[in-house]
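Everything below belongs to upload.txt, which stores compact mmCIF, C-alpha atoms.
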```txt
# COMPACT_ATOMS: atom_id res chain seq x y z
CA MET A 1 -13.39 -31.26 -40.35
CA ASN A 2 -15.70 -33.83 -38.78
CA PRO A 3 -14.24 -34.84 -35.37
CA SER A 4 -14.56 -38.61 -35.91
CA LEU A 5 -12.87 -38.45 -39.30
CA LYS A 6 -10.18 -36.22 -37.84
CA LEU A 7 -9.54 -38.72 -35.03
CA PHE A 8 -9.37 -41.55 -37.55
CA LEU A 9 -6.95 -39.56 -39.71
CA ILE A 10 -4.64 -38.70 -36.80
CA LEU A 11 -4.57 -42.32 -35.63
CA PHE A 12 -4.01 -43.55 -39.18
CA ILE A 13 -1.04 -41.26 -39.75
CA SER A 14 0.39 -42.05 -36.29
CA LEU A 15 0.21 -45.77 -37.02
CA GLU A 16 1.69 -45.30 -40.46
CA ILE A 17 4.73 -43.40 -39.17
CA THR A 18 5.19 -46.13 -36.55
CA PHE A 19 5.60 -48.85 -39.14
CA THR A 20 7.61 -46.86 -41.67
CA SER A 21 11.03 -45.26 -41.15
CA LYS A 22 10.96 -42.21 -43.39
CA LEU A 23 12.67 -39.14 -42.01
CA TRP A 24 11.41 -36.55 -44.50
CA ALA A 25 7.81 -37.72 -44.40
CA ASN A 26 7.89 -37.36 -40.60
CA ILE A 27 9.44 -33.88 -40.81
CA ILE A 28 6.87 -32.67 -43.34
CA ILE A 29 4.02 -34.08 -41.21
CA ILE A 30 5.41 -32.24 -38.17
CA LEU A 31 5.79 -28.97 -40.09
CA VAL A 32 2.25 -29.17 -41.50
CA ALA A 33 0.84 -29.94 -38.04
CA LEU A 34 2.76 -27.00 -36.52
CA ALA A 35 1.63 -24.68 -39.31
CA LEU A 36 -2.00 -25.67 -38.73
CA LEU A 37 -1.51 -25.09 -34.99
CA ALA A 38 -0.14 -21.62 -35.75
CA VAL A 39 -3.26 -20.91 -37.82
CA HIS A 40 -5.33 -21.91 -34.80
CA HIS A 41 -3.64 -19.22 -32.65
CA PHE A 42 -1.37 -21.50 -30.71
CA SER A 43 0.70 -19.36 -28.34
CA TRP A 44 4.50 -19.30 -28.12
CA ARG A 45 4.43 -20.74 -24.66
CA GLN A 46 2.45 -23.71 -25.86
CA PHE A 47 4.92 -24.25 -28.70
CA CYS A 48 7.77 -24.27 -26.21
CA TRP A 49 5.98 -26.89 -24.13
CA LEU A 50 5.38 -28.94 -27.23
CA ILE A 51 9.10 -29.01 -27.93
CA ALA A 52 10.29 -29.35 -24.33
CA ILE A 53 8.16 -32.24 -23.09
CA PRO A 54 9.22 -35.00 -25.52
CA PHE A 55 12.82 -33.72 -25.57
CA LEU A 56 14.27 -36.07 -22.94
CA PRO A 57 12.78 -39.35 -24.20
CA ALA A 58 13.57 -38.39 -27.80
CA MET A 59 17.20 -37.65 -26.93
CA ALA A 60 17.49 -40.87 -24.92
CA LEU A 61 16.37 -42.88 -27.92
CA PHE A 62 18.64 -40.95 -30.25
CA ILE A 63 21.72 -41.43 -28.07
CA THR A 64 21.04 -45.12 -27.62
CA ILE A 65 20.46 -45.82 -31.31
CA SER A 66 23.28 -43.59 -32.60
CA PHE A 67 26.03 -44.43 -30.13
CA PHE A 68 25.21 -47.69 -28.39
CA SER A 69 23.30 -49.91 -30.83
CA PRO A 70 25.29 -52.43 -32.91
CA ASP A 71 24.69 -50.53 -36.20
CA ARG A 72 25.24 -46.97 -34.84
CA ASP A 73 22.58 -45.91 -37.28
CA TRP A 74 22.36 -42.09 -37.15
CA PHE A 75 19.63 -41.94 -39.74
CA TYR A 76 17.40 -44.27 -37.77
CA GLY A 77 18.13 -42.23 -34.64
CA TRP A 78 16.77 -39.14 -36.33
CA VAL A 79 13.79 -41.11 -37.65
CA LEU A 80 12.86 -42.03 -34.07
CA VAL A 81 13.26 -38.44 -32.85
CA SER A 82 11.08 -37.14 -35.68
CA ARG A 83 8.56 -39.93 -35.02
CA ILE A 84 8.13 -38.90 -31.39
CA TYR A 85 7.68 -35.26 -32.38
CA GLY A 86 5.28 -36.42 -35.10
CA TYR A 87 3.02 -38.16 -32.56
CA VAL A 88 3.09 -35.18 -30.25
CA SER A 89 2.37 -32.52 -32.86
CA LEU A 90 -0.42 -34.58 -34.44
CA GLY A 91 -1.97 -35.29 -31.06
CA THR A 92 -1.77 -31.67 -30.00
CA LEU A 93 -3.29 -30.59 -33.30
CA PHE A 94 -6.24 -32.88 -32.60
CA THR A 95 -6.83 -31.90 -28.98
CA ALA A 96 -6.30 -28.20 -29.69
CA THR A 97 -8.85 -28.09 -32.52
CA THR A 98 -11.50 -30.50 -31.20
CA SER A 99 -13.73 -30.11 -28.16
CA GLN A 100 -14.63 -33.22 -26.17
CA LEU A 101 -18.31 -32.43 -26.58
CA ALA A 102 -18.03 -32.26 -30.38
CA LEU A 103 -16.09 -35.53 -30.43
CA ALA A 104 -18.61 -37.29 -28.17
CA ARG A 105 -21.51 -36.08 -30.31
CA SER A 106 -19.78 -37.01 -33.53
CA LEU A 107 -18.81 -40.50 -32.30
CA GLU A 108 -22.40 -41.06 -31.19
CA GLN A 109 -24.06 -39.77 -34.35
CA ASN A 110 -21.56 -40.66 -37.09
CA CYS A 111 -19.95 -43.80 -35.67
CA HIS A 112 -22.97 -45.17 -33.76
CA LEU A 113 -21.09 -45.39 -30.49
CA PRO A 114 -23.68 -46.28 -27.76
CA SER A 115 -24.75 -43.05 -26.06
CA LYS A 116 -23.89 -44.46 -22.62
CA TYR A 117 -20.23 -44.49 -23.62
CA ALA A 118 -20.25 -41.08 -25.32
CA TYR A 119 -21.94 -39.26 -22.45
CA GLY A 120 -20.62 -41.44 -19.61
CA VAL A 121 -17.02 -40.63 -20.46
CA LEU A 122 -17.88 -36.98 -21.11
CA ALA A 123 -19.55 -36.75 -17.69
CA ALA A 124 -16.52 -38.31 -16.03
CA PHE A 125 -14.21 -35.94 -17.84
CA ASN A 126 -15.96 -32.96 -16.29
CA LEU A 127 -15.06 -34.29 -12.84
CA VAL A 128 -11.30 -34.03 -13.44
CA PRO A 129 -10.80 -30.86 -11.31
CA ARG A 130 -12.78 -32.40 -8.46
CA ILE A 131 -10.72 -35.58 -8.58
CA ARG A 132 -7.50 -33.56 -8.40
CA GLN A 133 -8.91 -31.72 -5.40
CA SER A 134 -10.04 -34.91 -3.73
CA ILE A 135 -6.65 -36.61 -4.14
CA ASN A 136 -5.04 -33.56 -2.55
CA THR A 137 -7.52 -33.82 0.31
CA ILE A 138 -6.58 -37.46 0.83
CA TYR A 139 -2.88 -36.51 0.97
CA MET A 140 -3.59 -33.69 3.44
CA ALA A 141 -5.90 -35.73 5.64
CA ALA A 142 -3.24 -38.43 5.94
CA ARG A 143 -0.56 -35.89 6.74
CA MET A 144 -2.64 -34.42 9.54
CA ARG A 145 -2.59 -37.84 11.15
CA GLY A 146 1.17 -38.00 10.69
CA VAL A 147 0.97 -40.44 7.75
CA THR A 148 2.72 -39.59 4.52
CA LEU A 149 1.09 -41.14 1.46
CA HIS A 150 3.17 -41.65 -1.68
CA TRP A 151 2.06 -42.35 -5.18
CA TRP A 152 2.83 -46.00 -4.56
CA SER A 153 0.64 -46.27 -1.43
CA PRO A 154 -2.33 -48.62 -1.91
CA THR A 155 -4.34 -46.58 0.62
CA LEU A 156 -4.23 -43.52 -1.62
CA TYR A 157 -5.77 -45.42 -4.53
CA PHE A 158 -8.22 -47.21 -2.25
CA LYS A 159 -9.62 -43.95 -0.91
CA ALA A 160 -9.68 -42.30 -4.33
CA ILE A 161 -11.55 -45.28 -5.80
CA LEU A 162 -14.14 -45.18 -3.01
CA ALA A 163 -14.72 -41.51 -3.85
CA ALA A 164 -14.93 -42.39 -7.56
CA ILE A 165 -17.55 -45.07 -6.84
CA GLN A 166 -19.68 -42.56 -4.96
CA TRP A 167 -19.39 -39.97 -7.74
CA SER A 168 -20.21 -42.44 -10.48
CA ASP A 169 -23.37 -43.45 -8.58
CA GLN A 170 -24.43 -39.84 -8.14
CA LEU A 171 -23.63 -38.85 -11.72
CA ALA A 172 -25.48 -41.83 -13.18
CA GLN A 173 -28.50 -41.05 -10.99
CA ALA A 174 -28.38 -37.40 -11.97
CA MET A 175 -28.23 -38.26 -15.67
CA GLU A 176 -31.07 -40.76 -15.37
CA SER A 177 -33.24 -38.34 -13.44
CA HIS A 178 -32.74 -35.90 -16.30
CA GLY A 179 -34.24 -38.44 -18.66
CA PHE A 180 -31.16 -40.30 -19.91
CA VAL A 181 -32.14 -43.88 -20.79
CA GLU A 182 -29.59 -46.40 -22.02
CA GLY A 183 -30.19 -47.73 -25.51
CA GLN A 184 -33.20 -45.47 -26.12
CA VAL A 185 -33.55 -43.70 -29.46
CA ARG A 186 -32.38 -40.13 -28.94
CA SER A 187 -32.99 -36.90 -30.77
CA PHE A 188 -30.05 -34.55 -31.19
CA ALA A 189 -29.79 -30.93 -30.14
CA THR A 190 -26.87 -30.47 -32.50
CA VAL A 191 -26.76 -32.61 -35.61
CA ILE A 192 -23.26 -33.42 -36.78
CA THR A 193 -22.89 -34.57 -40.34
CA ILE A 194 -20.02 -35.80 -42.46
CA SER A 195 -19.97 -33.66 -45.58
CA LYS A 196 -18.58 -34.57 -48.98
CA LYS A 197 -15.79 -32.08 -48.33
CA ASP A 198 -14.78 -34.02 -45.19
CA TRP A 199 -14.49 -37.27 -47.13
CA LEU A 200 -12.51 -35.59 -49.92
CA LEU A 201 -10.17 -33.97 -47.38
CA LEU A 202 -9.67 -37.31 -45.61
CA GLY A 203 -8.93 -39.14 -48.87
CA GLY A 204 -6.70 -36.34 -50.11
CA ILE A 205 -4.58 -36.19 -46.96
CA ILE A 206 -4.19 -39.97 -46.80
CA LEU A 207 -3.10 -40.03 -50.46
CA ALA A 208 -0.65 -37.17 -49.86
CA VAL A 209 0.87 -39.01 -46.89
CA GLN A 210 1.28 -42.18 -48.98
CA PHE A 211 3.03 -40.12 -51.61
CA LEU A 212 5.41 -38.61 -49.01
CA VAL A 213 6.17 -41.98 -47.48
CA ILE A 214 6.88 -43.69 -50.82
CA ALA A 215 8.70 -40.85 -52.59
CA LEU A 216 11.02 -39.48 -49.89
CA PRO A 217 13.89 -41.20 -48.03
CA MET B 1 -21.92 -58.17 -9.03
CA ALA B 2 -24.10 -60.51 -11.10
CA LYS B 3 -24.20 -58.53 -14.32
CA HIS B 4 -23.38 -59.34 -17.88
CA GLN B 5 -23.07 -55.90 -19.32
CA LEU B 6 -21.58 -52.56 -18.38
CA HIS B 7 -24.11 -49.85 -17.57
CA LEU B 8 -23.87 -46.08 -17.48
CA ARG B 9 -22.69 -46.05 -13.86
CA ASP B 10 -19.95 -48.58 -14.61
CA ILE B 11 -18.73 -46.67 -17.63
CA ILE B 12 -18.50 -43.45 -15.61
CA LEU B 13 -16.65 -45.36 -12.89
CA LEU B 14 -14.21 -46.90 -15.39
CA ALA B 15 -13.41 -43.46 -16.79
CA LEU B 16 -13.08 -42.04 -13.26
CA ILE B 17 -10.62 -44.79 -12.29
CA GLY B 18 -8.63 -43.92 -15.39
CA ILE B 19 -8.61 -40.27 -14.29
CA VAL B 20 -7.59 -41.12 -10.71
CA PHE B 21 -4.58 -43.03 -12.00
CA GLY B 22 -3.90 -40.33 -14.58
CA VAL B 23 -3.77 -37.65 -11.87
CA VAL B 24 -1.37 -39.71 -9.79
CA TYR B 25 0.81 -40.48 -12.84
CA PHE B 26 1.67 -36.81 -13.07
CA ALA B 27 3.43 -37.20 -9.75
CA ALA B 28 5.35 -40.14 -11.18
CA GLY B 29 6.32 -38.26 -14.33
CA PHE B 30 9.50 -36.87 -12.83
CA VAL B 31 10.65 -40.42 -12.04
CA TYR B 32 10.57 -41.17 -15.74
CA ASN B 33 12.48 -38.04 -16.73
CA GLY B 34 15.02 -38.46 -13.94
CA LEU B 35 15.71 -42.05 -14.93
CA THR B 36 16.04 -41.04 -18.58
CA VAL B 37 18.70 -38.45 -17.73
CA LEU B 38 20.56 -40.91 -15.50
CA LEU B 39 20.51 -43.84 -17.91
CA SER B 40 21.16 -42.09 -21.24
CA PRO B 41 24.94 -41.60 -20.82
CA ILE B 42 25.47 -45.34 -20.36
CA GLY B 43 23.30 -46.18 -23.36
CA TYR B 44 20.29 -47.44 -21.46
CA GLY B 45 18.04 -44.36 -21.86
CA PRO B 46 15.06 -46.32 -23.20
CA MET B 47 15.19 -48.46 -20.06
CA ALA B 48 13.40 -45.64 -18.22
CA ASN B 49 10.44 -46.59 -20.38
CA ASP B 50 10.66 -50.21 -19.25
CA ILE B 51 11.23 -49.39 -15.58
CA THR B 52 8.12 -47.20 -15.38
CA ILE B 53 5.80 -49.06 -17.76
CA GLY B 54 4.08 -50.87 -14.89
CA ILE B 55 2.92 -47.52 -13.47
CA TRP B 56 1.05 -46.60 -16.67
CA CYS B 57 -0.66 -50.01 -16.86
CA MET B 58 -2.29 -50.03 -13.41
CA ALA B 59 -5.82 -48.91 -14.31
CA GLY B 60 -6.51 -51.95 -16.52
CA PRO B 61 -5.92 -54.81 -14.07
CA LEU B 62 -7.62 -52.88 -11.28
CA ALA B 63 -10.74 -52.39 -13.42
CA GLY B 64 -10.61 -56.10 -14.27
CA PHE B 65 -10.53 -57.03 -10.58
CA LEU B 66 -13.27 -54.55 -9.71
CA PHE B 67 -15.82 -55.48 -12.38
CA ARG B 68 -14.90 -59.07 -13.25
CA LEU B 69 -16.48 -58.71 -16.66
CA PRO B 70 -15.02 -59.31 -20.11
CA GLY B 71 -13.85 -56.03 -21.60
CA SER B 72 -13.65 -54.10 -18.34
CA ALA B 73 -9.86 -54.26 -18.10
CA PHE B 74 -9.52 -53.06 -21.66
CA LEU B 75 -12.00 -50.24 -21.18
CA GLY B 76 -10.43 -49.13 -17.89
CA GLU B 77 -7.09 -48.71 -19.59
CA PHE B 78 -8.41 -47.27 -22.85
CA LEU B 79 -10.87 -44.77 -21.34
CA GLY B 80 -8.13 -43.62 -18.98
CA ALA B 81 -5.90 -42.97 -21.99
CA THR B 82 -8.70 -41.12 -23.78
CA VAL B 83 -9.20 -38.78 -20.85
CA GLU B 84 -5.45 -38.30 -20.47
CA MET B 85 -5.16 -37.30 -24.10
CA PHE B 86 -7.58 -34.43 -23.51
CA LEU B 87 -6.08 -33.56 -20.13
CA GLY B 88 -3.18 -32.07 -22.04
CA ASP B 89 -0.97 -35.09 -21.89
CA GLN B 90 1.51 -33.97 -24.53
CA TRP B 91 1.97 -37.46 -25.92
CA GLY B 92 -1.19 -36.82 -27.87
CA ALA B 93 -2.53 -39.48 -30.17
CA ALA B 94 0.24 -41.85 -29.13
CA THR B 95 -1.41 -42.02 -25.68
CA LEU B 96 -4.57 -43.33 -27.26
CA ILE B 97 -2.71 -46.02 -29.20
CA SER B 98 -0.60 -46.97 -26.15
CA GLY B 99 -3.77 -47.19 -24.04
CA PHE B 100 -5.29 -49.45 -26.67
CA VAL B 101 -2.23 -51.72 -26.75
CA GLN B 102 -1.89 -51.88 -22.95
CA GLY B 103 -5.62 -52.54 -22.64
CA ILE B 104 -5.43 -55.48 -25.03
CA GLY B 105 -2.45 -56.91 -23.15
CA THR B 106 -4.16 -56.71 -19.76
CA GLU B 107 -7.45 -58.01 -21.13
CA LEU B 108 -5.71 -61.09 -22.57
CA GLY B 109 -4.41 -61.85 -19.08
CA PHE B 110 -7.96 -62.09 -17.82
CA THR B 111 -9.10 -63.95 -20.93
CA VAL B 112 -6.70 -66.85 -20.38
CA THR B 113 -8.25 -67.39 -16.93
CA PHE B 114 -11.74 -67.28 -18.52
CA TYR B 115 -12.76 -64.41 -16.20
CA LYS B 116 -13.27 -67.03 -13.47
CA ILE B 117 -10.10 -66.87 -11.40
CA TYR B 118 -9.15 -63.70 -9.52
CA ASN B 119 -6.06 -64.39 -7.45
CA TRP B 120 -2.28 -64.29 -7.81
CA LEU B 121 -2.46 -66.55 -10.85
CA THR B 122 -4.46 -63.84 -12.63
CA ILE B 123 -1.87 -61.27 -11.62
CA VAL B 124 0.89 -63.39 -13.13
CA MET B 125 -1.11 -63.93 -16.33
CA THR B 126 -1.93 -60.23 -16.78
CA THR B 127 1.73 -59.40 -16.09
CA VAL B 128 2.98 -61.83 -18.71
CA MET B 129 0.47 -60.71 -21.32
CA THR B 130 0.90 -56.98 -20.68
CA THR B 131 4.69 -57.33 -20.83
CA LEU B 132 4.65 -59.23 -24.11
CA VAL B 133 2.05 -57.10 -25.89
CA THR B 134 3.53 -53.73 -24.87
CA PHE B 135 7.03 -54.97 -25.68
CA ALA B 136 5.90 -55.99 -29.16
CA TRP B 137 4.47 -52.50 -29.65
CA ASP B 138 7.69 -50.81 -28.52
CA TRP B 139 9.60 -53.12 -30.84
CA PHE B 140 8.16 -51.07 -33.70
CA LYS B 141 7.43 -47.74 -32.08
CA ASN B 142 10.70 -47.08 -30.23
CA GLY B 143 12.97 -49.03 -32.54
CA TYR B 144 13.82 -51.80 -30.08
CA SER B 145 14.68 -54.01 -33.03
CA HIS B 146 17.86 -51.96 -33.52
CA PHE B 147 19.24 -52.67 -30.04
CA SER B 148 21.73 -55.39 -29.27
CA GLY B 149 20.35 -58.81 -28.32
CA GLN B 150 21.68 -58.56 -24.77
CA MET B 151 19.99 -55.20 -24.25
CA ILE B 152 16.66 -56.46 -25.60
CA ILE B 153 16.66 -59.31 -23.09
CA ILE B 154 17.58 -56.99 -20.22
CA LEU B 155 14.81 -54.55 -21.25
CA LEU B 156 12.28 -57.38 -21.43
CA ILE B 157 13.19 -58.64 -17.96
CA VAL B 158 13.13 -55.13 -16.48
CA ARG B 159 9.72 -54.53 -18.06
CA PHE B 160 8.36 -57.79 -16.63
CA ILE B 161 9.55 -56.86 -13.13
CA SER B 162 8.09 -53.36 -13.44
CA VAL B 163 4.68 -54.61 -14.59
CA PHE B 164 4.70 -57.24 -11.86
CA ILE B 165 5.50 -54.75 -9.06
CA PHE B 166 3.12 -51.95 -10.08
CA SER B 167 0.35 -53.53 -12.16
CA GLY B 168 0.66 -56.76 -10.19
CA ILE B 169 1.56 -56.46 -6.52
CA LEU B 170 0.34 -52.88 -6.03
CA VAL B 171 -2.95 -53.54 -7.86
CA LYS B 172 -3.49 -56.72 -5.83
CA LEU B 173 -2.90 -54.78 -2.59
CA ILE B 174 -5.47 -52.17 -3.65
CA ALA B 175 -7.88 -54.95 -4.66
CA ASN B 176 -7.37 -56.58 -1.24
CA LEU B 177 -8.28 -53.32 0.49
CA LEU B 178 -11.39 -53.02 -1.69
CA GLN B 179 -12.28 -56.62 -0.88
CA ARG B 180 -11.96 -56.03 2.84
CA ALA B 181 -14.25 -53.02 2.45
CA HIS B 182 -16.73 -55.33 0.64
CA VAL B 183 -16.57 -53.26 -2.53
CA ILE B 184 -15.39 -56.39 -4.32
CA LYS B 185 -17.06 -59.63 -3.34
CA GLY B 186 -14.45 -62.13 -2.21
```
In structure tokens, how does this file's structure come out?
Amino acid sequence: MNPSLKLFLILFISLEITFTSKLWANIIIILVALALLAVHHFSWRQFCWLIAIPFLPAMALFITISFFSPDRDWFYGWVLVSRIYGYVSLGTLFTATTSQLALARSLEQNCHLPSKYAYGVLAAFNLVPRIRQSINTIYMAARMRGVTLHWWSPTLYFKAILAAIQWSDQLAQAMESHGFVEGQVRSFATVITISKKDWLLLGGIILAVQFLVIALP
Amino acid sequence: MAKHQLHLRDIILLALIGIVFGVVYFAAGFVYNGLTVLLSPIGYGPMANDITIGIWCMAGPLAGFLFRLPGSAFLGEFLGATVEMFLGDQWGAATLISGFVQGIGTELGFTVTFYKIYNWLTIVMTTVMTTLVTFAWDWFKNGYSHFSGQMIIILLIVRFISVFIFSGILVKLIANLLQRAHVIKG
């Protein structure tokens, strides 16, 4: 499916399950998302992570709503648990089946996002491992001088931001020296289109979700 | 910085700031889980969310202070969330929506000062706006409407304090350092 439409669909369903409280609709959405993930060769370990990570916050909400809220509403407790798992499985389905490059290209070509945003963010994304490394270096350098930095130390952020400023300068220069011009008409190496099938799929899924939400408790 | 528009370099920098905060958040993740475990048995599990919310909202106000342009606070927060979503943050699409909501909240704080004032007043305004907007979102998303009135008020106050400490005081301290280094013009 076209990445932009897929993103829209995921956000649409996420918003819809936020403003409705339907347990069965949520459960079916989760099961469909998990089934699609299984088709995309999602490993067992990844499934375990998917279940483990939201477990604590989901349980906290459930306990609070079911035992401590004035209504002691068990049904609503389960709705909230299923909602959290709904967000997570939908989000994972999106990130597992879409590459950042495809999304950036699609947003630029299909949604007319200015190319400086599409490629600027993509360029920054590729620096993630270097940022991790650099933050570690800042921690280590401080420790060598007998200073322990914590995640709440302003100095840590200050130094990391200085590094980020330098990188953004260099990256922007590198992109411009390779011929990137803001706001210029661009030709595309890979053309991404929205086919009729994509639109039909989008409409079909949205209709199906409406049906689930209205028909089931 | 006498500019009226964000350029390629600025957009890369905004996304990088989002990543920097995102990387550090991972270290703070255990705080959230620990608090959740501690608070759940007494019925205040969701309070972990309110205690830590200020940590997740730091990129926005910092970007606002750094660029001093309309939209920069929103983009700082939202681009950070976008990157986090792909970093394997398991919250998935909800991260994107939360980033959007937090970005709007922070941006409103700068809007009410007309992007002219950058001092403690701005910090207070962004704190108030971020608290209210994110609380309204959690009202629907995490079912806050089902809690008792007393608990809602406590959660709101805790959230305000959290945003003020992390997205307020800590961001201002970082901005002060950047100002002393002449990265931000005073």
field: Top pick for closest residue to chain A, considering B:Gly34, B:Gly45, B:Pro70, B:Gly22 and counting only C-alpha atoms
entry: B:Gly45
field: Residue contacts of range 130-134 of chain A (7 Å, all atoms listed in the file) excluding same-chain residues fewer than 4 positions away, as a list in words
entry: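 My list of contacting residues is Ile138 of chain A; Val20 and Val23 of chain B.
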query: What is the distance between CA of Asp71 in chain A and CA of Ile214 in chain A, in Å to one decimal?
result: 24.0 Å
Contacts of Thr130 in chain B at 7 Å (only C-alpha atoms; same-chain gap of 2+ positions) as a count of residues only: 9
Contacts of range 51-54 of chain A at 12 Å or less, counting all atoms listed in the file, minus same-chain residues fewer than 5 places along, as a PDB file with C-alpha atoms, in the coordinates of the input?
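Printed below is result14.pdb as written:
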```
ATOM      1  CA  ILE A  30       5.410 -32.240 -38.170  1.00  0.00           C
ATOM      2  CA  LEU A  34       2.760 -27.000 -36.520  1.00  0.00           C
ATOM      3  CA  TRP A  44       4.500 -19.300 -28.120  1.00  0.00           C
ATOM      4  CA  ARG A  45       4.430 -20.740 -24.660  1.00  0.00           C
ATOM      5  CA  GLN A  46       2.450 -23.710 -25.860  1.00  0.00           C
ATOM      6  CA  MET A  59      17.200 -37.650 -26.930  1.00  0.00           C
ATOM      7  CA  ALA A  60      17.490 -40.870 -24.920  1.00  0.00           C
ATOM      8  CA  LEU A  61      16.370 -42.880 -27.920  1.00  0.00           C
ATOM      9  CA  LEU A  80      12.860 -42.030 -34.070  1.00  0.00           C
ATOM     10  CA  VAL A  81      13.260 -38.440 -32.850  1.00  0.00           C
ATOM     11  CA  SER A  82      11.080 -37.140 -35.680  1.00  0.00           C
ATOM     12  CA  ARG A  83       8.560 -39.930 -35.020  1.00  0.00           C
ATOM     13  CA  ILE A  84       8.130 -38.900 -31.390  1.00  0.00           C
ATOM     14  CA  TYR A  85       7.680 -35.260 -32.380  1.00  0.00           C
ATOM     15  CA  GLY A  86       5.280 -36.420 -35.100  1.00  0.00           C
ATOM     16  CA  TYR A  87       3.020 -38.160 -32.560  1.00  0.00           C
ATOM     17  CA  VAL A  88       3.090 -35.180 -30.250  1.00  0.00           C
ATOM     18  CA  SER A  89       2.370 -32.520 -32.860  1.00  0.00           C
ATOM     19  CA  THR A  92      -1.770 -31.670 -30.000  1.00  0.00           C
TER      20      THR A  92
ATOM     21  CA  GLY B  29       6.320 -38.260 -14.330  1.00  0.00           C
ATOM     22  CA  PHE B  30       9.500 -36.870 -12.830  1.00  0.00           C
ATOM     23  CA  TYR B  32      10.570 -41.170 -15.740  1.00  0.00           C
ATOM     24  CA  ASN B  33      12.480 -38.040 -16.730  1.00  0.00           C
ATOM     25  CA  THR B  36      16.040 -41.040 -18.580  1.00  0.00           C
ATOM     26  CA  GLY B  88      -3.180 -32.070 -22.040  1.00  0.00           C
ATOM     27  CA  ASP B  89      -0.970 -35.090 -21.890  1.00  0.00           C
ATOM     28  CA  GLN B  90       1.510 -33.970 -24.530  1.00  0.00           C
ATOM     29  CA  TRP B  91       1.970 -37.460 -25.920  1.00  0.00           C
ATOM     30  CA  GLY B  92      -1.190 -36.820 -27.870  1.00  0.00           C
ATOM     31  CA  ALA B  94       0.240 -41.850 -29.130  1.00  0.00           C
TER      32      ALA B  94
END
```
message: Given the point (-4.8, -66.1, -10.4) in the file's coordinates, find the residues that have an atom at most 12 Å from it, counting only C-alpha atoms, and give them as a ChimeraX atom specification.
response: /B:61,65,109-127,168,172
Nearest to Thr20 in chain A by atom-to-atom distance, counting all atoms listed in the file, from B:Leu6, B:Phe140, B:Gly149, B:Gly71: B:Phe140
- prompt: Can you list, as a list in words, every protein, DNA or RNA residue that comes within 9 Å of range 196-199 of chain A when you count all atoms listed in the file, leaving out same-chain residues fewer than 6 positions away?
  reply: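 Contacts, with the query itself left out: Met1, Asn2, Leu5 and Lys6 of chain A.
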task: May I ask for the distance between CA of Ala141 in chain A and CA of Leu87 in chain B, given in Å to one decimal place?
output: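 Answer for the CA of Ala141 in chain A to CA of Leu87 in chain B separation: 25.9 Å.
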Would you write out, as CSV, a table of all residues in chain B that have an atom no more than 7 Å from an atom of chain A, listing for each the closest atom pair and the distance in Å to one decimal, considering all atoms listed in the file and ordering rows by chain and rising residue number?
```
residue,atom,partner,partner_atom,distance
B:Leu8,CA,A:Lys116,CA,5.4
B:Arg9,CA,A:Ala172,CA,5.1
B:Ile11,CA,A:Gly120,CA,5.9
B:Ile12,CA,A:Gly120,CA,5.0
B:Leu13,CA,A:Ser168,CA,5.2
B:Ala15,CA,A:Val121,CA,5.9
B:Leu16,CA,A:Ala124,CA,5.8
B:Ile17,CA,A:Ile161,CA,6.6
B:Ile19,CA,A:Val128,CA,6.8
B:Val20,CA,A:Ile131,CA,6.7
B:Val23,CA,A:Arg132,CA,6.5
B:Val24,CA,A:Trp151,CA,6.3
B:Asn33,CA,A:Leu56,CA,6.8
B:Thr36,CA,A:Ala60,CA,6.5
B:Ser40,CA,A:Ala60,CA,5.3
B:Gly43,CA,A:Thr64,CA,4.9
B:Tyr44,CA,A:Thr64,CA,6.6
B:Gly45,CA,A:Ala60,CA,4.7
B:Pro46,CA,A:Leu61,CA,6.0
B:Val83,CA,A:Phe125,CA,6.5
B:Phe86,CA,A:Thr95,CA,6.1
B:Gln90,CA,A:Val88,CA,6.1
B:Trp91,CA,A:Val88,CA,5.0
B:Gly92,CA,A:Gly91,CA,3.6
B:Ala93,CA,A:Gly91,CA,4.3
B:Ala94,CA,A:Tyr87,CA,5.8
B:Phe140,CA,A:Phe19,CA,6.4
B:Lys141,CA,A:Thr18,CA,5.3
B:Asn142,CA,A:Leu80,CA,6.7
B:His146,CA,A:Ser69,CA,6.4
B:Phe147,CA,A:Ser69,CA,5.0
B:Ser148,CA,A:Pro70,CA,5.9
B:Leu170,CA,A:Pro154,CA,6.5
B:Leu173,CA,A:Pro154,CA,6.2
B:Ile174,CA,A:Pro154,CA,5.0
B:Leu177,CA,A:Phe158,CA,6.7
B:Leu178,CA,A:Phe158,CA,6.6
```
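The coordinates place CA of Glu107 in chain B at 10.1 Å from CA of Leu69 in chain B.
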message: Can you pull out the residues contacting Thr190 in chain A? Cut-off 10 Å, using all atoms listed in the file, and skip same-chain residues under 4 positions away; I want them as a ChimeraX atom specification.
response: /A:102,105-106,109
task: Have a look at B:Ser98, B:Gly143, B:Cys57, B:Ser162 and name the one nearest to Trp78 in chain A; count all atoms listed in the file.
output: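 Checking each of B:Ser98, B:Gly143, B:Cys57, B:Ser162 against Trp78 in chain A, counting all atoms listed in the file, the winner is B:Gly143.
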Residue among B:Asn49, B:Ile55, B:Ile42, B:Phe21 lying closest to Tyr144 in chain B, counting all atoms listed in the file: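 When distances to Tyr144 in chain B are compared using all atoms listed in the file, the smallest one comes from B:Asn49.
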- prompt: Given the choices A:Asn136, A:Thr97, A:Ser187, A:Thr193, which gets closest to Ala38 in chain A if the distance is worked out from all atoms listed in the file?
  reply: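 Residue with the minimum atom-to-atom distance to Ala38 in chain A: A:Thr97.
Minimum distance to Leu107 in chain A across A:Gly203, A:Leu216, A:Ile192, A:Val147 (counting all atoms listed in the file) occurs at A:Ile192.
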